[in-house]
Amino acid sequence: MFFKRFFDKYGVTPQFEQRQEYKNAVNTFLQSDYTPAHREATLSWMTAVYDASLASAAGDRKADAATLRRTLEAGPYLAEDAHRLGLIDRVGQVREARQTLLDRAGDDAKAVEFRDYARGDVDRRERSGDTIAVIEAEGPIVTGRDKGASPFVSNGAIYSDDLADAIQRATKAKNVKAIVLRVNSPGGSDTASEQILDAIRQAKAKGKPVVVSMSTYAASGGYWIASEASAIVAQPSTLTGSIGVFGGKFAVGEALARFGVDLRETSVGGEYAGAFSTGRPFTPDQRTAFGAWMDRIYDNFITRVSTGRNLPPERVREIARGRVWTGTQAKQLGLVDELGGFYQAVERAKALASLKGDVPLRRMTPSESPFQALERALGVSATSARTLAAAAWVLGDPRAEAVISRAAEARLRAQGATVLAPSPLH
């Protein structure tokens, strides 16, 4: 991004010294395009990194570097295609990589989180008696882990590593006989959704039914993760479905050029390497490749729904097409099994697990709620915290009110709300 014309237009005078022509860090302020030296230097290090990466990959893959280069530059590929072409050894999930390590380590090996290993907390006691695990999943679906530091403020997303781990912990817990997954999500990454769905498949394979309880919405990726559950319970007004996929970019080069900001591109490694440049639209070939990628992801979504809901793929395509349905409509279409709320989902889980009587619920959500954070901070139970909250406003206790107000305000701000004034917490 070069600013010279912008600076010229608005009277900014950058004053720098350069020693010598390849010292180009300030060229973005002094030029409107690459100088020959700047381009040469940039392409030189990019090419060197690219060639070194290719050589390393070729050695690892035991492949000819030139052949590997042609293969890579003809991409992008989904994992199945990469496997067929020898770019990867296996298509699988994190749990399978972990299991491979355990298998190599020996019969008595077990996986331990580093933080647990560091403090010696490797033996965890199981609760006695049969339970149903409750796992909450709220927000857009993204890959990775939640690295938020504040106990009162959630990053407001479903992190695939965290949620998949939570489902796997419930699967391994001997006293957990079924899982209720409470979903409230507009969707997100297909890769992250598939990782979570894989954990659900594994729970079912171990004989533990998984019932999805849909909240306000469970659409797109939110439906992807629900599609192969043992049963799906939705509220009549739940927004679900949206079986489709989208992706793309903003090309802002022309717009910024009108204001004197120039976007210039350098790339190595095939035409698609620069496909997501913000400076210009896709070329026809890039658009074709990107469209094919979107088609494959969409086909995978159709397959998941067809498998999980026992519907012919042609029928799924008819009712999919990216449309959002209410819970009532989704039940008529066969996308959900039952209308109801959380406790209806619990009852469905009990029936599927052949449990009788009053079965305790065990919350195994990866992150904690603000009240649980308050419980941990103050040493009181969540119920006591709610009682404290109620008393604060009923009795006008300014100290309790201040504590609860700050916790409530933090949560509202984290959810994107504009907090105008303290108000009762319901």
# chains A, B, ... in the order shown; residues from 1 in each chain; ligands from 1

$ residues_around --residues "A:Glu271" --least-positions-apart "4" --cutoff "10 Å" --atoms "only C-alpha atoms" --output "PDB file with N, CA and C atoms, in the first residue's frame"
ATOM      1  N   GLU A  73       0.653 -25.614  -7.156  1.00  0.00           N
ATOM      2  CA  GLU A  73       0.197 -24.396  -7.832  1.00  0.00           C
ATOM      3  C   GLU A  73      -1.075 -24.619  -8.633  1.00  0.00           C
ATOM      4  N   ALA A  74      -1.468 -25.872  -8.810  1.00  0.00           N
ATOM      5  CA  ALA A  74      -2.732 -26.155  -9.493  1.00  0.00           C
ATOM      6  C   ALA A  74      -3.905 -26.172  -8.512  1.00  0.00           C
ATOM      7  N   GLY A  75      -3.615 -25.944  -7.216  1.00  0.00           N
ATOM      8  CA  GLY A  75      -4.662 -25.974  -6.190  1.00  0.00           C
ATOM      9  C   GLY A  75      -5.569 -24.771  -6.266  1.00  0.00           C
ATOM     10  N   SER A 267       3.439 -11.574  -5.966  1.00  0.00           N
ATOM     11  CA  SER A 267       3.125 -12.926  -5.521  1.00  0.00           C
ATOM     12  C   SER A 267       3.988 -13.928  -6.255  1.00  0.00           C
ATOM     13  N   ALA A 275      -5.057 -14.608  -5.192  1.00  0.00           N
ATOM     14  CA  ALA A 275      -6.508 -14.530  -5.404  1.00  0.00           C
ATOM     15  C   ALA A 275      -7.189 -13.619  -4.399  1.00  0.00           C
ATOM     16  N   THR A 283      -9.474 -12.810 -11.026  1.00  0.00           N
ATOM     17  CA  THR A 283      -9.398 -13.076 -12.452  1.00  0.00           C
ATOM     18  C   THR A 283     -10.426 -14.161 -12.770  1.00  0.00           C
ATOM     19  N   ASP A 285      -9.982 -17.110 -13.992  1.00  0.00           N
ATOM     20  CA  ASP A 285      -9.503 -18.411 -13.517  1.00  0.00           C
ATOM     21  C   ASP A 285      -9.583 -18.521 -11.995  1.00  0.00           C
ATOM     22  N   GLN A 286      -9.257 -17.432 -11.299  1.00  0.00           N
ATOM     23  CA  GLN A 286      -9.359 -17.447  -9.840  1.00  0.00           C
ATOM     24  C   GLN A 286     -10.807 -17.621  -9.413  1.00  0.00           C
TER      25      GLN A 286
END

$ residues_around --residues "stretch 314-317 of chain A" --least-positions-apart "6" --cutoff "9 Å" --atoms "only C-alpha atoms" --output "PyMOL selection string"
chain A and resi 243+302-303+305-306

$ closest_residue --among "A:Arg304, A:Gly253, A:Glu194, A:Thr171" --to "A:Gly207" --atoms "only C-alpha atoms"
A:Thr171

$ residues_around --residues "stretch 87-93 of chain A" --least-positions-apart "5" --cutoff "12 Å" --atoms "only C-alpha atoms" --output "PDB file with C-alpha atoms, in the first residue's frame"
ATOM      1  CA  LEU A  54       9.103 -26.501  -1.626  1.00  0.00           C
ATOM      2  CA  ALA A  57       8.192 -30.440   1.441  1.00  0.00           C
ATOM      3  CA  ALA A  58       9.595 -32.403  -1.495  1.00  0.00           C
ATOM      4  CA  GLY A  59      12.116 -34.088   0.777  1.00  0.00           C
ATOM      5  CA  ASP A  60       9.470 -34.930   3.328  1.00  0.00           C
ATOM      6  CA  ARG A  61       7.064 -36.225   0.684  1.00  0.00           C
ATOM      7  CA  LYS A  62       9.843 -38.048  -1.186  1.00  0.00           C
ATOM      8  CA  ALA A  63       8.664 -36.256  -4.309  1.00  0.00           C
ATOM      9  CA  THR A  67       6.365 -32.034  -9.822  1.00  0.00           C
ATOM     10  CA  LEU A  68       5.336 -31.033  -6.316  1.00  0.00           C
ATOM     11  CA  ARG A  69       5.442 -27.382  -7.315  1.00  0.00           C
ATOM     12  CA  THR A  71       0.755 -29.921  -8.067  1.00  0.00           C
ATOM     13  CA  LEU A  72       0.631 -27.247  -5.389  1.00  0.00           C
ATOM     14  CA  GLY A  75      -4.662 -25.974  -6.190  1.00  0.00           C
ATOM     15  CA  PRO A  76      -6.406 -25.207  -3.915  1.00  0.00           C
ATOM     16  CA  TYR A  77      -7.474 -28.659  -2.726  1.00  0.00           C
ATOM     17  CA  LEU A  78      -9.775 -30.083  -0.134  1.00  0.00           C
ATOM     18  CA  ALA A  79      -8.202 -32.595   2.222  1.00  0.00           C
ATOM     19  CA  GLU A  80      -9.452 -35.614   0.258  1.00  0.00           C
ATOM     20  CA  ASP A  81      -7.833 -34.325  -2.928  1.00  0.00           C
ATOM     21  CA  ALA A  82      -4.606 -33.522  -1.090  1.00  0.00           C
ATOM     22  CA  ARG A  98      -3.540 -37.630  19.284  1.00  0.00           C
ATOM     23  CA  GLN A  99      -4.385 -41.323  19.148  1.00  0.00           C
ATOM     24  CA  THR A 100      -1.509 -41.941  16.737  1.00  0.00           C
ATOM     25  CA  SER A 160     -13.628 -25.884  17.682  1.00  0.00           C
ATOM     26  CA  ASP A 161     -10.699 -27.226  19.731  1.00  0.00           C
ATOM     27  CA  ALA A 164     -14.489 -30.862  20.528  1.00  0.00           C
ATOM     28  CA  ASP A 165     -12.363 -31.462  23.633  1.00  0.00           C
ATOM     29  CA  THR A 191     -13.491 -26.742   8.999  1.00  0.00           C
ATOM     30  CA  ALA A 192     -14.290 -25.922  12.624  1.00  0.00           C
ATOM     31  CA  SER A 193     -17.833 -27.268  12.249  1.00  0.00           C
ATOM     32  CA  GLU A 194     -16.532 -30.550  10.851  1.00  0.00           C
ATOM     33  CA  GLN A 195     -14.129 -30.956  13.774  1.00  0.00           C
ATOM     34  CA  ILE A 196     -17.002 -30.546  16.238  1.00  0.00           C
ATOM     35  CA  LEU A 197     -19.225 -32.892  14.235  1.00  0.00           C
ATOM     36  CA  ASP A 198     -16.460 -35.502  14.295  1.00  0.00           C
ATOM     37  CA  ALA A 199     -16.446 -35.379  18.101  1.00  0.00           C
ATOM     38  CA  ARG A 201     -19.766 -38.951  15.778  1.00  0.00           C
ATOM     39  CA  GLN A 202     -17.220 -40.405  18.171  1.00  0.00           C
TER      40      GLN A 202
END

$ closest_residue --among "A:Tyr10, A:Tyr217, A:Phe259, A:Phe342" --to "A:Val233" --atoms "only C-alpha atoms"
A:Phe342

$ residues_around --residues "A:Asp262" --least-positions-apart "3" --cutoff "8 Å" --atoms "only C-alpha atoms" --output "NGL selection string"
:A and (1-3 or 32-33 or 253 or 256-257)

$ select_by_dssp --residues "stretch 35-114 of chain A" --states "helix (DSSP H, G or I)" --output "ChimeraX atom specification"
/A:36-61,65-73,79-84,94-105,114

$ atom_distance --atom1 "atom CA of A:Trp325" --atom2 "atom CA of A:Tyr159"
25.0 Å

$ closest_residue --among "A:Val94, A:Leu239, A:Asp8, A:Arg19" --to "A:Lys331" --atoms "only C-alpha atoms"
A:Leu239

$ closest_residue --among "A:Gly244, A:Gly129, A:Pro186, A:Gly11" --to "A:Arg323" --atoms "only C-alpha atoms"
A:Gly244

$ select_by_dssp --residues "stretch 60-271 of chain A" --states "strand (DSSP E)" --output "ChimeraX atom specification"
/A:131-138,141-142,158-159,176-185,210-219,231-234,239-241

$ residues_around --residues "A:Thr328" --least-positions-apart "6" --cutoff "12 Å" --atoms "only C-alpha atoms" --output "PyMOL selection string"
chain A and resi 233-241+334-340

$ atom_distance --atom1 "atom CA of A:Ala157" --atom2 "atom CA of A:Ser213"
17.5 Å

$ atom_distance --atom1 "atom CA of A:Ser220" --atom2 "atom CA of A:Phe276"
23.3 Å

$ residues_around --residues "A:Gly357" --least-positions-apart "6" --cutoff "12 Å" --atoms "only C-alpha atoms" --output "PyMOL selection string"
chain A and resi 130-131+347+350-351

$ closest_residue --among "A:Arg169, A:Ser227, A:Leu263, A:Gly222" --to "A:Thr28" --atoms "only C-alpha atoms"
A:Leu263

$ residues_around --residues "stretch 173-184 of chain A" --least-positions-apart "2" --cutoff "7 Å" --atoms "only C-alpha atoms" --output "CSV table (one decimal) with N, CA and C atoms, in the first residue's frame"
chain,number,residue,atom,x,y,z
A,127,ARG,N,-17.2,-38.3,39.0
A,127,ARG,CA,-18.3,-38.2,39.9
A,127,ARG,C,-19.0,-39.5,39.9
A,128,SER,N,-19.6,-39.9,41.0
A,128,SER,CA,-20.3,-41.1,41.1
A,128,SER,C,-21.7,-41.0,40.6
A,129,GLY,N,-22.3,-42.1,40.1
A,129,GLY,CA,-23.7,-42.1,39.6
A,129,GLY,C,-23.8,-41.7,38.1
A,130,ASP,N,-24.8,-42.2,37.5
A,130,ASP,CA,-25.1,-41.8,36.1
A,130,ASP,C,-25.5,-40.3,35.9
A,131,THR,N,-24.9,-39.7,34.9
A,131,THR,CA,-25.2,-38.3,34.7
A,131,THR,C,-25.4,-38.0,33.2
A,132,ILE,N,-26.0,-36.9,32.9
A,132,ILE,CA,-26.1,-36.4,31.5
A,132,ILE,C,-25.2,-35.1,31.4
A,133,ALA,N,-24.3,-35.1,30.5
A,133,ALA,CA,-23.4,-34.0,30.3
A,133,ALA,C,-24.2,-32.9,29.5
A,134,VAL,N,-24.0,-31.7,30.0
A,134,VAL,CA,-24.6,-30.5,29.3
A,134,VAL,C,-23.5,-29.6,28.8
A,135,ILE,N,-23.4,-29.4,27.5
A,135,ILE,CA,-22.3,-28.6,26.9
A,135,ILE,C,-23.0,-27.5,26.1
A,136,GLU,N,-22.6,-26.3,26.4
A,136,GLU,CA,-23.2,-25.1,25.7
A,136,GLU,C,-22.3,-24.6,24.6
A,137,ALA,N,-22.8,-24.3,23.5
A,137,ALA,CA,-22.1,-23.8,22.3
A,137,ALA,C,-22.8,-22.5,21.8
A,138,GLU,N,-22.2,-21.4,22.1
A,138,GLU,CA,-22.8,-20.1,21.7
A,138,GLU,C,-21.9,-19.2,21.0
A,139,GLY,N,-22.3,-18.7,19.8
A,139,GLY,CA,-21.6,-17.7,19.0
A,139,GLY,C,-21.2,-18.3,17.7
A,169,ARG,N,-14.2,-35.2,26.3
A,169,ARG,CA,-14.2,-35.5,27.8
A,169,ARG,C,-15.4,-36.2,28.3
A,170,ALA,N,-16.6,-35.7,27.8
A,170,ALA,CA,-17.9,-36.3,28.2
A,170,ALA,C,-17.9,-37.7,27.7
A,171,THR,N,-17.4,-37.9,26.5
A,171,THR,CA,-17.4,-39.3,25.9
A,171,THR,C,-16.6,-40.3,26.8
A,208,LYS,N,-22.8,-43.3,23.3
A,208,LYS,CA,-23.4,-42.2,24.1
A,208,LYS,C,-24.2,-41.3,23.2
A,209,PRO,N,-25.5,-41.3,23.3
A,209,PRO,CA,-26.3,-40.5,22.4
A,209,PRO,C,-26.1,-39.0,22.7
A,210,VAL,N,-26.1,-38.2,21.6
A,210,VAL,CA,-25.9,-36.8,21.6
A,210,VAL,C,-27.2,-36.1,21.1
A,211,VAL,N,-27.8,-35.3,22.0
A,211,VAL,CA,-29.1,-34.6,21.6
A,211,VAL,C,-28.7,-33.1,21.5
A,212,VAL,N,-29.0,-32.6,20.3
A,212,VAL,CA,-28.8,-31.1,20.2
A,212,VAL,C,-30.1,-30.4,20.6
A,213,SER,N,-29.9,-29.4,21.4
A,213,SER,CA,-31.0,-28.5,21.8
A,213,SER,C,-30.7,-27.2,21.2
A,214,MET,N,-31.6,-26.8,20.2
A,214,MET,CA,-31.4,-25.5,19.5
A,214,MET,C,-32.0,-24.4,20.3
A,215,SER,N,-31.2,-23.3,20.4
A,215,SER,CA,-31.7,-22.1,21.1
A,215,SER,C,-32.3,-21.1,20.1
A,216,THR,N,-31.9,-19.9,20.1
A,216,THR,CA,-32.5,-18.9,19.3
A,216,THR,C,-32.2,-19.2,17.8
A,217,TYR,N,-31.0,-19.6,17.5
A,217,TYR,CA,-30.7,-20.0,16.2
A,217,TYR,C,-29.6,-21.1,16.2
A,218,ALA,N,-29.6,-21.9,15.2
A,218,ALA,CA,-28.6,-22.9,14.9
A,218,ALA,C,-28.6,-23.1,13.4
A,222,GLY,N,-24.0,-23.9,12.4
A,222,GLY,CA,-24.7,-24.3,13.6
A,222,GLY,C,-25.5,-25.6,13.3
A,345,ALA,N,-35.1,-31.7,25.5
A,345,ALA,CA,-33.9,-32.3,25.0
A,345,ALA,C,-33.3,-33.2,26.0
A,346,VAL,N,-33.3,-32.8,27.3
A,346,VAL,CA,-32.8,-33.7,28.4
A,346,VAL,C,-33.6,-35.0,28.4
A,349,ALA,N,-32.7,-37.2,25.7
A,349,ALA,CA,-31.4,-37.9,26.0
A,349,ALA,C,-31.5,-39.0,27.0
A,353,ALA,N,-30.7,-43.0,26.2
A,353,ALA,CA,-29.7,-43.7,27.1
A,353,ALA,C,-30.3,-44.7,28.0

$ closest_residue --among "A:Ala52, A:Leu102, A:Val12, A:Ala330" --to "A:Ile232" --atoms "only C-alpha atoms"
A:Ala330
